[in-house]
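J.: Have a peek at target_1.txt (compact mmCIF, C-alpha atoms).
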# COMPACT_ATOMS: atom_id res chain seq x y z
CA MET A 976 0.00 0.00 0.00
CA SER A 977 1.21 3.50 -0.82
CA LYS A 978 2.18 5.83 2.02
CA SER A 979 0.03 8.50 0.38
CA VAL A 980 -3.27 6.57 0.45
CA SER A 981 -5.03 4.78 3.30
CA PHE A 982 -7.98 2.36 3.26
CA THR A 983 -10.53 1.80 6.02
CA TYR A 984 -13.88 0.09 6.34
CA ALA A 985 -16.75 0.13 8.82
CA LEU A 986 -19.79 -2.08 9.23
CA GLN A 987 -23.23 -0.72 10.03
CA TYR A 988 -23.51 -2.94 13.10
CA PRO A 989 -20.72 -4.40 15.28
CA TYR A 990 -22.49 -7.76 15.50
CA VAL A 991 -24.55 -9.91 13.13
CA PRO A 992 -27.07 -12.58 14.22
CA THR A 993 -26.05 -16.18 13.62
CA THR A 994 -29.22 -16.50 11.54
CA GLY A 995 -27.68 -14.10 9.00
CA LYS A 996 -28.80 -10.68 7.80
CA ASP A 997 -30.55 -9.75 4.56
CA SER A 998 -29.32 -6.15 4.50
CA LEU A 999 -26.04 -4.96 6.00
CA TYR A 1000 -24.27 -1.78 4.94
CA LEU A 1001 -20.52 -1.64 4.58
CA LEU A 1002 -18.70 1.70 4.31
CA LEU A 1003 -15.43 1.71 2.36
CA GLU A 1004 -13.17 4.78 2.42
CA LEU A 1005 -10.01 5.63 0.51
CA THR A 1006 -8.23 8.74 1.79
CA ALA A 1007 -5.27 10.58 0.27
CA ASP A 1008 -2.71 12.46 2.33
CA ASP A 1009 -1.78 16.05 1.63
CA VAL A 1010 0.93 16.48 -0.99
CA LYS A 1011 3.13 19.41 -1.82
CA ALA A 1012 2.60 21.11 -5.17
CA LEU A 1013 6.28 20.59 -5.92
CA ASN A 1014 5.66 16.85 -5.99
CA ARG A 1015 2.74 16.98 -8.37
CA SER A 1016 2.61 15.29 -11.73
CA PRO A 1017 2.44 17.50 -14.83
CA ILE A 1018 -0.98 18.08 -16.39
CA ASN A 1019 -2.07 17.35 -19.96
CA LEU A 1020 -5.24 19.44 -20.20
CA SER A 1021 -7.85 20.24 -22.83
CA VAL A 1022 -10.36 23.00 -22.11
CA VAL A 1023 -13.45 22.47 -24.29
CA LEU A 1024 -15.63 25.57 -24.46
CA ASP A 1025 -19.12 26.07 -25.89
CA ARG A 1026 -19.17 29.18 -28.09
CA SER A 1027 -22.71 28.72 -29.41
CA GLY A 1028 -25.03 31.73 -29.62
CA SER A 1029 -26.58 31.19 -26.19
CA MET A 1030 -23.19 31.85 -24.57
CA THR A 1031 -23.24 35.47 -25.77
CA GLY A 1032 -22.51 38.08 -23.10
CA LYS A 1033 -21.61 37.25 -19.52
CA PRO A 1034 -21.39 33.43 -19.92
CA LEU A 1035 -18.66 33.67 -22.53
CA GLU A 1036 -16.85 36.54 -20.79
CA TYR A 1037 -16.65 34.65 -17.49
CA CYS A 1038 -15.54 31.49 -19.31
CA LYS A 1039 -12.75 33.46 -20.93
CA GLU A 1040 -11.65 34.79 -17.54
CA ALA A 1041 -11.71 31.27 -16.09
CA SER A 1042 -9.70 29.89 -19.02
CA LYS A 1043 -7.10 32.63 -18.63
CA PHE A 1044 -6.93 31.81 -14.91
CA VAL A 1045 -6.04 28.23 -15.86
CA VAL A 1046 -3.28 29.52 -18.14
CA ASN A 1047 -1.87 31.62 -15.30
CA GLN A 1048 -1.81 28.69 -12.87
CA LEU A 1049 -0.13 26.13 -15.14
CA SER A 1050 3.62 26.01 -15.77
CA ASP A 1051 6.01 25.04 -18.52
CA GLN A 1052 5.94 21.44 -17.31
CA ASP A 1053 2.22 21.27 -18.20
CA LEU A 1054 0.56 20.86 -21.60
CA MET A 1055 -2.64 22.68 -22.51
CA ASN A 1056 -4.83 22.87 -25.59
CA MET A 1057 -8.17 24.53 -26.10
CA VAL A 1058 -11.16 23.48 -28.20
CA VAL A 1059 -14.18 25.65 -29.04
CA PHE A 1060 -17.41 24.40 -30.54
CA ASP A 1061 -20.71 25.60 -31.94
CA GLY A 1062 -22.03 23.88 -35.07
CA GLU A 1063 -18.36 23.47 -35.98
CA VAL A 1064 -15.40 22.36 -33.87
CA ASP A 1065 -12.01 24.09 -33.84
CA THR A 1066 -8.83 23.55 -31.88
CA LEU A 1067 -8.10 27.10 -30.78
CA PHE A 1068 -4.49 26.24 -29.98
CA ASP A 1069 -2.67 22.90 -30.05
CA ALA A 1070 -1.28 21.14 -26.99
CA GLN A 1071 1.84 22.98 -25.88
CA PRO A 1072 3.87 23.75 -22.76
CA VAL A 1073 2.28 26.68 -20.94
CA THR A 1074 5.11 29.14 -21.47
CA HIS A 1075 3.93 31.97 -23.77
CA LYS A 1076 1.04 32.86 -21.48
CA ASP A 1077 0.25 36.28 -22.90
CA GLY A 1078 -0.13 34.84 -26.39
CA LEU A 1079 -2.47 32.10 -25.16
CA LYS A 1080 -4.59 34.59 -23.24
CA ASN A 1081 -4.82 36.89 -26.26
CA THR A 1082 -6.07 33.94 -28.31
CA ILE A 1083 -8.71 33.19 -25.66
CA ASP A 1084 -9.83 36.84 -25.61
CA ALA A 1085 -10.58 36.65 -29.34
CA ILE A 1086 -13.26 33.92 -28.96
CA GLU A 1087 -16.70 35.01 -30.23
CA THR A 1088 -20.07 33.27 -30.12
CA ARG A 1089 -21.95 31.85 -33.08
CA GLY A 1090 -24.10 28.93 -34.24
CA ILE A 1091 -25.60 25.85 -32.57
CA THR A 1092 -24.22 23.21 -30.16
CA ASN A 1093 -22.14 20.29 -31.43
CA LEU A 1094 -21.20 19.15 -27.93
CA SER A 1095 -20.10 15.68 -28.99
CA GLY A 1096 -17.70 17.10 -31.56
CA GLY A 1097 -16.05 19.34 -28.97
CA LEU A 1098 -15.79 16.50 -26.45
CA ILE A 1099 -14.27 14.07 -28.95
CA GLN A 1100 -11.77 16.64 -30.23
CA GLY A 1101 -10.68 17.51 -26.69
CA CYS A 1102 -10.15 13.83 -25.83
CA GLN A 1103 -8.19 13.20 -29.01
CA ASN A 1104 -5.99 16.25 -28.38
CA VAL A 1105 -5.13 14.91 -24.93
CA LEU A 1106 -4.58 11.28 -25.88
CA GLN A 1107 -2.40 11.92 -28.93
CA GLN A 1108 0.32 13.54 -26.80
CA PRO A 1109 3.33 11.19 -26.43
CA VAL A 1110 3.72 11.78 -22.68
CA ASP A 1111 3.94 9.45 -19.70
CA ASP A 1112 3.16 10.12 -16.06
CA TYR A 1113 0.89 13.06 -16.90
CA VAL A 1114 -2.56 13.74 -15.45
CA ASN A 1115 -4.84 13.68 -18.51
CA ARG A 1116 -7.96 15.77 -18.17
CA VAL A 1117 -10.70 17.26 -20.36
CA LEU A 1118 -12.81 20.13 -18.95
CA LEU A 1119 -16.02 20.70 -20.89
CA LEU A 1120 -18.29 23.70 -20.29
CA SER A 1121 -21.64 24.31 -21.95
CA ASP A 1122 -24.89 26.19 -21.34
CA GLY A 1123 -26.96 24.41 -23.97
CA VAL A 1124 -28.50 21.20 -25.21
CA ALA A 1125 -26.58 19.06 -27.73
CA ASN A 1126 -28.45 19.68 -30.99
CA ALA A 1127 -25.80 18.79 -33.57
CA GLY A 1128 -23.42 15.88 -34.02
CA ILE A 1129 -24.08 12.89 -31.73
CA THR A 1130 -27.02 13.72 -29.44
CA ASP A 1131 -28.04 10.27 -28.13
CA ILE A 1132 -27.11 10.05 -24.44
CA ASP A 1133 -26.31 6.32 -24.49
CA GLN A 1134 -24.04 6.66 -27.50
CA LEU A 1135 -22.21 9.57 -25.86
CA LYS A 1136 -21.82 7.50 -22.70
CA TYR A 1137 -20.17 4.63 -24.62
CA ILE A 1138 -17.86 7.04 -26.44
CA THR A 1139 -16.86 8.66 -23.15
CA GLU A 1140 -16.19 5.28 -21.55
CA ASP A 1141 -13.91 4.34 -24.45
CA TYR A 1142 -11.90 7.56 -24.11
CA ASN A 1143 -11.69 7.08 -20.35
CA THR A 1144 -10.39 3.54 -20.80
CA ALA A 1145 -7.74 5.01 -23.11
CA GLY A 1146 -6.65 7.39 -20.35
CA ALA A 1147 -8.72 10.59 -20.48
CA VAL A 1148 -10.76 11.81 -17.50
CA MET A 1149 -13.65 14.16 -18.27
CA THR A 1150 -15.20 16.82 -16.05
CA THR A 1151 -18.33 18.68 -17.19
CA MET A 1152 -19.72 22.05 -16.14
CA GLY A 1153 -23.26 23.16 -16.91
CA VAL A 1154 -24.19 26.84 -16.84
CA SER A 1155 -27.62 28.52 -16.44
CA GLU A 1156 -30.99 26.79 -16.86
CA HIS A 1157 -30.75 25.59 -20.46
CA PHE A 1158 -28.13 22.82 -20.46
CA ASP A 1159 -28.99 19.10 -20.30
CA GLU A 1160 -28.00 18.04 -16.76
CA GLU A 1161 -28.67 14.35 -17.37
CA LEU A 1162 -26.29 14.38 -20.35
CA LEU A 1163 -23.48 16.28 -18.61
CA GLU A 1164 -23.72 14.08 -15.49
CA THR A 1165 -23.64 10.94 -17.66
CA ILE A 1166 -20.48 12.16 -19.44
CA ALA A 1167 -18.79 13.04 -16.13
CA ASP A 1168 -19.64 9.68 -14.56
CA ALA A 1169 -18.57 7.69 -17.64
CA GLY A 1170 -15.41 9.81 -17.84
CA LYS A 1171 -14.68 9.32 -14.08
CA GLY A 1172 -14.61 13.07 -13.56
CA THR A 1173 -16.93 15.50 -11.77
CA PHE A 1174 -20.18 17.17 -12.78
CA TYR A 1175 -20.75 20.78 -11.73
CA PHE A 1176 -23.96 22.80 -11.90
CA ILE A 1177 -23.07 26.49 -12.07
CA ASP A 1178 -26.21 28.43 -11.20
CA LYS A 1179 -24.61 31.86 -11.62
CA VAL A 1180 -22.21 32.72 -14.42
CA GLU A 1181 -20.25 34.84 -11.94
CA ALA A 1182 -19.24 31.60 -10.21
CA ILE A 1183 -17.53 30.13 -13.29
CA PRO A 1184 -13.99 31.31 -12.37
CA ASP A 1185 -14.37 29.95 -8.81
CA ILE A 1186 -15.53 26.55 -10.08
CA PHE A 1187 -12.62 26.42 -12.53
CA ALA A 1188 -10.26 27.31 -9.67
CA LYS A 1189 -11.72 24.52 -7.51
CA GLU A 1190 -11.31 21.94 -10.26
CA LEU A 1191 -7.81 23.11 -11.10
CA GLU A 1192 -6.81 22.94 -7.43
CA GLY A 1193 -7.75 19.28 -7.53
CA LEU A 1194 -5.80 18.72 -10.74
CA LEU A 1195 -2.71 20.27 -9.17
CA SER A 1196 -2.89 17.84 -6.26
CA VAL A 1197 -3.70 14.46 -7.82
CA VAL A 1198 -2.29 11.65 -5.67
CA GLY A 1199 -3.75 8.51 -7.24
CA GLN A 1200 -4.95 7.81 -10.76
CA ASN A 1201 -7.11 5.00 -12.13
CA VAL A 1202 -8.35 4.06 -8.66
CA THR A 1203 -10.22 0.75 -8.82
CA LEU A 1204 -11.81 -1.42 -6.14
CA THR A 1205 -12.84 -5.04 -6.66
CA LEU A 1206 -15.18 -6.66 -4.14
CA ASN A 1207 -14.93 -10.43 -3.86
CA PRO A 1208 -17.62 -11.78 -1.49
CA ALA A 1209 -17.20 -15.07 0.37
CA GLU A 1210 -19.41 -18.04 -0.44
CA GLY A 1211 -23.03 -17.32 0.43
CA VAL A 1212 -22.49 -13.55 0.69
CA SER A 1213 -24.22 -11.43 -1.95
CA ILE A 1214 -23.65 -7.82 -2.94
CA LYS A 1215 -27.08 -6.25 -3.36
CA SER A 1216 -26.03 -2.76 -4.43
CA VAL A 1217 -23.17 -0.29 -4.63
CA LEU A 1218 -24.50 3.18 -3.83
CA GLY A 1219 -23.07 6.19 -5.61
CA TYR A 1220 -20.90 4.49 -8.22
CA GLU A 1221 -21.44 2.19 -11.16
CA ALA A 1222 -20.35 -1.37 -10.44
CA ARG A 1223 -19.55 -4.02 -13.04
CA GLU A 1224 -19.74 -7.72 -12.43
CA THR A 1225 -16.52 -9.73 -12.53
CA ALA A 1226 -15.91 -13.46 -12.32
CA GLY A 1227 -15.89 -13.42 -8.51
CA GLY A 1228 -17.65 -10.20 -7.55
CA VAL A 1229 -17.90 -6.60 -8.72
CA GLU A 1230 -15.47 -3.90 -9.89
CA ILE A 1231 -15.85 -0.17 -9.23
CA LYS A 1232 -13.73 2.43 -11.02
CA LEU A 1233 -13.32 5.61 -8.97
CA GLY A 1234 -11.18 7.81 -11.20
CA ASP A 1235 -8.60 10.15 -9.63
CA LEU A 1236 -7.94 10.72 -5.93
CA TYR A 1237 -6.88 14.21 -4.85
CA ALA A 1238 -4.82 15.33 -1.86
CA LYS A 1239 -6.90 15.25 1.35
CA GLU A 1240 -9.82 13.77 -0.59
CA MET A 1241 -11.87 10.85 0.70
CA LYS A 1242 -13.71 8.56 -1.68
CA SER A 1243 -16.58 6.96 0.18
CA LEU A 1244 -18.64 3.97 -0.99
CA LEU A 1245 -21.63 2.32 0.61
CA ILE A 1246 -22.10 -1.35 -0.13
CA GLU A 1247 -25.34 -3.13 0.69
CA CYS A 1248 -24.82 -6.84 1.11
CA ALA A 1249 -26.55 -9.92 2.54
CA VAL A 1250 -24.67 -12.34 4.80
CA PRO A 1251 -25.72 -15.96 5.34
CA PRO A 1252 -26.13 -17.70 8.72
CA GLY A 1253 -22.87 -18.44 10.53
CA MET A 1254 -21.31 -19.84 13.68
CA GLU A 1255 -20.61 -17.53 16.62
CA GLY A 1256 -17.34 -15.64 16.26
CA GLU A 1257 -15.51 -13.67 13.61
CA GLU A 1258 -15.78 -14.72 9.98
CA GLU A 1259 -14.46 -13.18 6.76
CA VAL A 1260 -17.28 -12.19 4.42
CA MET A 1261 -15.44 -10.30 1.69
CA GLN A 1262 -12.09 -9.30 0.30
CA VAL A 1263 -11.58 -5.78 -1.05
CA ALA A 1264 -8.83 -5.51 -3.65
CA GLY A 1265 -7.64 -2.08 -4.69
CA SER A 1266 -5.28 -0.72 -7.31
CA PHE A 1267 -4.11 2.74 -8.39
CA VAL A 1268 -1.12 4.60 -9.75
CA ASP A 1269 0.62 6.86 -7.21
CA VAL A 1270 1.64 9.96 -9.14
CA THR A 1271 3.62 11.27 -6.15
CA GLU A 1272 5.99 8.33 -6.65
CA ARG A 1273 6.66 8.77 -10.37
CA ALA A 1274 3.52 6.90 -11.39
CA LYS A 1275 4.32 3.82 -9.34
CA PRO A 1276 1.53 1.22 -9.44
CA HIS A 1277 0.15 0.06 -6.09
CA SER A 1278 -2.29 -2.64 -5.09
CA PHE A 1279 -3.70 -4.05 -1.87
CA VAL A 1280 -6.07 -6.72 -0.60
CA HIS A 1281 -8.02 -6.14 2.60
CA PRO A 1282 -10.29 -8.72 4.28
CA VAL A 1283 -13.65 -7.66 5.70
CA SER A 1284 -14.98 -9.67 8.62
CA VAL A 1285 -18.19 -9.73 10.66
CA THR A 1286 -18.73 -11.05 14.17
CA TYR A 1287 -21.66 -13.46 14.54
CA THR A 1288 -23.45 -13.72 17.88
CA LYS A 1289 -26.62 -14.99 19.54
CA ASP A 1290 -26.34 -12.43 22.34
CA LEU A 1291 -29.40 -10.14 22.10
CA GLY A 1292 -27.62 -7.50 24.15
CA LYS A 1293 -24.84 -7.26 21.61
CA LEU A 1294 -27.27 -7.35 18.68
CA THR A 1295 -29.09 -4.28 20.00
CA GLN A 1296 -25.96 -2.17 20.28
CA PHE A 1297 -25.97 1.14 18.43
CA SER A 1298 -25.05 1.17 14.78
CA ASP A 1299 -22.05 3.07 13.44
CA PRO A 1300 -23.21 6.69 12.91
CA GLU A 1301 -20.99 7.20 9.84
CA VAL A 1302 -22.42 4.13 8.13
CA ASP A 1303 -25.92 5.15 9.17
CA LYS A 1304 -25.48 8.22 6.97
CA VAL A 1305 -26.61 5.81 4.29
CA GLN A 1306 -29.75 7.91 4.70
CA ILE A 1307 -28.04 10.69 2.73
CA THR A 1308 -27.43 8.32 -0.16
CA LYS A 1309 -30.99 7.00 0.10
CA SER A 1310 -32.14 10.61 0.01
CA ALA A 1311 -30.40 10.93 -3.37
CA GLN A 1312 -32.35 7.94 -4.64
CA THR A 1313 -35.59 9.50 -3.38
CA LEU A 1314 -34.70 12.76 -5.11
CA GLU A 1315 -34.23 10.87 -8.37
CA GLN A 1316 -37.70 9.32 -8.00
CA ALA A 1317 -39.22 12.71 -7.15
CA LEU A 1318 -37.62 14.34 -10.19
CA GLN A 1319 -39.20 11.69 -12.39
CA LEU A 1320 -42.60 12.39 -10.82
CA PHE A 1321 -42.14 16.15 -11.31
CA ASP A 1322 -41.17 15.61 -14.95
CA GLU A 1323 -44.40 13.62 -15.40
CA GLY A 1324 -46.41 16.46 -13.88
CA ASP A 1325 -47.22 14.69 -10.61
CA PHE A 1326 -46.02 17.50 -8.34
CA GLU A 1327 -48.09 16.54 -5.28
CA GLU A 1328 -46.80 12.95 -5.16
CA GLY A 1329 -43.23 14.12 -5.73
CA LYS A 1330 -43.43 16.64 -2.89
CA ASN A 1331 -45.02 14.08 -0.56
CA LEU A 1332 -42.17 11.70 -1.32
CA LEU A 1333 -39.58 14.35 -0.45
CA TYR A 1334 -41.39 15.46 2.72
CA SER A 1335 -41.53 11.85 3.90
CA ASN A 1336 -37.79 11.53 3.24
CA ILE A 1337 -37.08 14.78 5.14
CA SER A 1338 -39.10 13.57 8.14
CA HIS A 1339 -37.21 10.28 8.24
CA MET A 1340 -33.86 12.08 7.95
CA GLU A 1341 -34.81 14.45 10.79
CA ASP A 1342 -35.76 11.50 13.01
CA MET A 1343 -32.43 9.81 12.34
CA ALA A 1344 -30.53 13.08 12.87
CA ASN A 1345 -32.17 13.60 16.27
CA GLU A 1346 -31.65 9.97 17.27
CA LEU A 1347 -27.96 10.07 16.32
CA GLY A 1348 -27.36 13.69 17.30
CA ASP A 1349 -25.92 14.21 13.83
CA GLU A 1350 -25.52 17.81 12.64
CA GLU A 1351 -24.84 16.84 9.01
CA LEU A 1352 -28.16 15.01 8.67
CA LEU A 1353 -29.98 17.95 10.30
CA VAL A 1354 -28.44 20.37 7.79
CA GLU A 1355 -29.35 18.09 4.86
CA SER A 1356 -32.98 17.87 5.97
CA ALA A 1357 -33.19 21.63 6.68
CA VAL A 1358 -31.88 22.55 3.22
CA MET A 1359 -34.35 20.25 1.48
CA LYS A 1360 -37.23 21.56 3.60
CA GLU A 1361 -36.29 25.12 2.62
CA LYS A 1362 -36.29 24.20 -1.08
CA LEU A 1363 -39.82 22.78 -0.77
CA ALA A 1364 -41.22 25.66 1.31
CA ASP A 1365 -41.79 27.88 -1.72
CA PHE A 1366 -41.78 25.24 -4.43
CA ASP A 1367 -41.99 26.22 -8.09
CA TYR A 1368 -40.85 23.52 -10.51
CA SER A 1369 -38.90 25.49 -13.10
CA LYS A 1370 -35.86 24.53 -15.16
CA GLN A 1371 -33.72 26.22 -12.52
CA THR A 1372 -35.40 24.27 -9.68
CA ARG A 1373 -34.87 21.00 -11.51
CA LYS A 1374 -31.18 21.69 -11.94
CA GLU A 1375 -30.82 22.64 -8.27
CA LEU A 1376 -32.51 19.40 -7.16
CA HIS A 1377 -30.47 17.39 -9.66
CA ALA A 1378 -27.25 18.94 -8.29
CA GLU A 1379 -28.34 18.00 -4.75
CA LYS A 1380 -28.99 14.44 -5.88
CA TYR A 1381 -25.57 14.18 -7.52
CA ARG A 1382 -23.76 15.55 -4.45
CA GLN A 1383 -25.61 13.25 -2.06
CA MET A 1384 -25.10 10.19 -4.25
CA LYS A 1385 -21.34 10.82 -4.31
CA ARG A 1386 -21.39 11.43 -0.52
CA ARG A 1387 -19.70 14.79 -0.96
CA LYS A 1388 -19.82 17.27 1.90
CA ARG A 1389 -21.88 20.42 1.42
CA ASP A 1390 -19.71 23.46 0.62
In structure tokens, what does this structure look like?
T.:
Amino acid sequence: MSKSVSFTYALQYPYVPTTGKDSLYLLLELTADDVKALNRSPINLSVVLDRSGSMTGKPLEYCKEASKFVVNQLSDQDLMNMVVFDGEVDTLFDAQPVTHKDGLKNTIDAIETRGITNLSGGLIQGCQNVLQQPVDDYVNRVLLLSDGVANAGITDIDQLKYITEDYNTAGAVMTTMGVSEHFDEELLETIADAGKGTFYFIDKVEAIPDIFAKELEGLLSVVGQNVTLTLNPAEGVSIKSVLGYEARETAGGVEIKLGDLYAKEMKSLLIECAVPPGMEGEEEVMQVAGSFVDVTERAKPHSFVHPVSVTYTKDLGKLTQFSDPEVDKVQITKSAQTLEQALQLFDEGDFEEGKNLLYSNISHMEDMANELGDEELLVESAVMKEKLADFDYSKQTRKELHAEKYRQMKRRKRD
């Protein structure tokens, strides 16, 4: 195991009945240490910017400022290219060391809006620009920003997902940023998830530079790349669900790809599993195998295998002990699932049923928060209650709820 990354796990309950348990939550956490910027790997970055007509005015101006901020923060060890798209796709400047900064910023300043939105063309060009660079040990990233709906090129969401997955397998990580109320949040989230990056909803164009700065800060402090966990359950143990990340079946279990791990970042996964009956005492129920490339050690590959055990008992006193409060925050992830169901009801026009579903979820979360004395759960329930107090289902409201769902599903702390 790398010195820069640690792995821990926690079970929902300290003891399991000898008769087995149909639903037991397991919390897995990978945490990266802090790293100095001097130790960082160089970046191979493509900024892909929507220049379609709807970006006219403040959206484009703030995107230009954000792009110039990126230029200022990178160094001559980094490579950067920039792609702009409307109905057509152009590489504004080819991948190059970030040395002649004034020239790059002047080129960015000259961008003007026009035309429709060939989002797929911009995404593909950005990925190709990154992957064709003959560099090793670089952090490859594509940042895509759009305020519109893909209406030219490839527009089918499933096809774009498969394309993104292929580019990610080849080594490109994709982050997407949606601006204003017009963009397709389902599409941009799908691209970010398939590309193992992050999806951002930017509700105010004035926030674009800050979001760029946040993403770039992460890029400048990548510790682990291509982080993958494989869960291999023991005989009789079944994995019912992996909450927050897409899991793929393997010969002996499931595989979850987590993308990059930044300094001081924690990747948190909730696993719902069922354990069969067992004899009293400790018994291994699963092995967690992990692998990643440590970019603080010149891209050295690391792997580990960690057993997960439960303790069976017939003692009713032990079985009624309190559950682990961190694992019990599964309610936050369940809240994300409820939000997804409510959004579907809202989209179908059933506003009353959708609101009732969310109010029921808020009530349950408040009960758990009070029982556990958990401030985070109280804040989550209070924010959702506030959103429903003066409810008007507009495009903006949908995007706000969708952003909440995404954050909760990824178990990310509220800013």
J.: Name the residues in contact with Lys1362 in chain A at a cut-off of 12 Å, using only C-alpha atoms, excluding same-chain residues fewer than 3 positions from it; report them as a list in words.
T.: Lys1330, Leu1333, Tyr1334, Ile1337, Glu1355, Ser1356, Ala1357, Val1358, Met1359, Asp1365, Phe1366, Asp1367, Tyr1368, Gln1371, Thr1372, Arg1373, Glu1375, Leu1376 and Glu1379 of chain A
J.: I'd like the interatomic distance between CA of Leu1318 in chain A and CA of Ser1155 in chain A, to a tenth of an Å.
T.: 18.4 Å
J.: Can you tell me how far CA of Gly1219 in chain A sits from CA of Thr1308 in chain A, in Å to one decimal?
T.: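 Between these atoms lies a distance of 7.3 Å.
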J.: Tell me which protein, DNA and RNA residues are within 8 Å of range 1225-1234 of chain A, counting all atoms listed in the file, leaving out same-chain ones fewer than 4 positions away, and put them as number ranges by chain.
T.: A: 1148, 1171-1172, 1200-1208, 1214, 1220-1221, 1242
J.: Return the padded bounding box of range 991-1000 of chain A as lines of an AutoDock Vina configuration file: axis-aligned, built from all atoms listed in the file, 6 Å added on each side, with centre and edge lengths in Å to one decimal.
T.:
center_x = -27.4
center_y = -9.1
center_z = 9.4
size_x = 18.3
size_y = 26.7
size_z = 21.7
J.: Which residues are near Thr1082 in chain A? Cut-off 10 Å, only C-alpha atoms, ignore same chain within fewer than 3 positions. Put them as a compact mmCIF listing (two decimals) with C-alpha atoms, keeping the file's coordinate frame.
T.:
# COMPACT_ATOMS: atom_id res chain seq x y z
CA LYS A 1039 -12.75 33.46 -20.93
CA LYS A 1043 -7.10 32.63 -18.63
CA MET A 1057 -8.17 24.53 -26.10
CA LEU A 1067 -8.10 27.10 -30.78
CA PHE A 1068 -4.49 26.24 -29.98
CA LYS A 1076 1.04 32.86 -21.48
CA ASP A 1077 0.25 36.28 -22.90
CA GLY A 1078 -0.13 34.84 -26.39
CA LEU A 1079 -2.47 32.10 -25.16
CA ALA A 1085 -10.58 36.65 -29.34
CA ILE A 1086 -13.26 33.92 -28.96
J.: Counting all atoms listed in the file, which of A:Arg1026, A:His1339, A:Lys1289, A:Lys1136 gets nearest to Thr1092 in chain A?
T.: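 Among A:Arg1026, A:His1339, A:Lys1289, A:Lys1136, it is A:Arg1026 that comes nearest to Thr1092 in chain A.
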J.: Applying 9 Å and all atoms listed in the file, which residues near Ala1145 in chain A remain after dropping the ones on its own chain fewer than 4 positions away? List them as a PDB file with C-alpha atoms, in the coordinates of the input.
T.:
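Okay, selection.pdb is ready:
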ATOM      1  CA  LEU A1106      -4.580  11.280 -25.880  1.00  0.00           C
ATOM      2  CA  GLU A1140     -16.190   5.280 -21.550  1.00  0.00           C
ATOM      3  CA  ASP A1141     -13.910   4.340 -24.450  1.00  0.00           C
TER       4      ASP A1141
END
J.: Compare A:Val1250, A:Leu1314, A:Leu1120, A:Leu1352 by their minimum atom-to-atom distance to Val1285 in chain A, counting all atoms listed in the file, and give me the closest one.
T.: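 Of the candidates, the smallest distance to Val1285 in chain A is held by A:Val1250.
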J.: Check the smallest atom-to-atom distance from each of A:Asn1019, A:Ser981, A:Ser1095, A:Gln1383 to Ala1007 in chain A using only C-alpha atoms, then report the winner.
T.: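 Of A:Asn1019, A:Ser981, A:Ser1095, A:Gln1383, the one nearest Ala1007 in chain A, counting only C-alpha atoms, is A:Ser981.
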J.: Please compute the CA of Thr983 in chain A-CA of Ser1310 in chain A distance, one decimal, in Å.
T.: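 Calculated distance between CA of Thr983 in chain A and CA of Ser1310 in chain A is 24.1 Å.
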J.: Which residues, written as a PyMOL selection string, have at least one atom at most 8 Å from Asn1104 in chain A, with only C-alpha atoms counted and residues fewer than 4 positions away on the same chain left out?
T.: chain A and resi 1021+1056+1069-1070+1100+1108
J.: Could you check the closest approach to Gln1048 in chain A for each of A:Glu1192, A:Phe1279, A:Thr1139, A:Glu1240 and tell me which residue wins, using only C-alpha atoms?
T.: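 The answer is A:Glu1192, which sits nearest to Gln1048 in chain A.
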J.: Could you tell me which of A:Thr1295, A:Gly1193, A:Leu1135, A:Val1180 comes closest to Asp1168 in chain A if we count all atoms listed in the file?
T.: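 Selected residue with least distance to Asp1168 in chain A: A:Leu1135.
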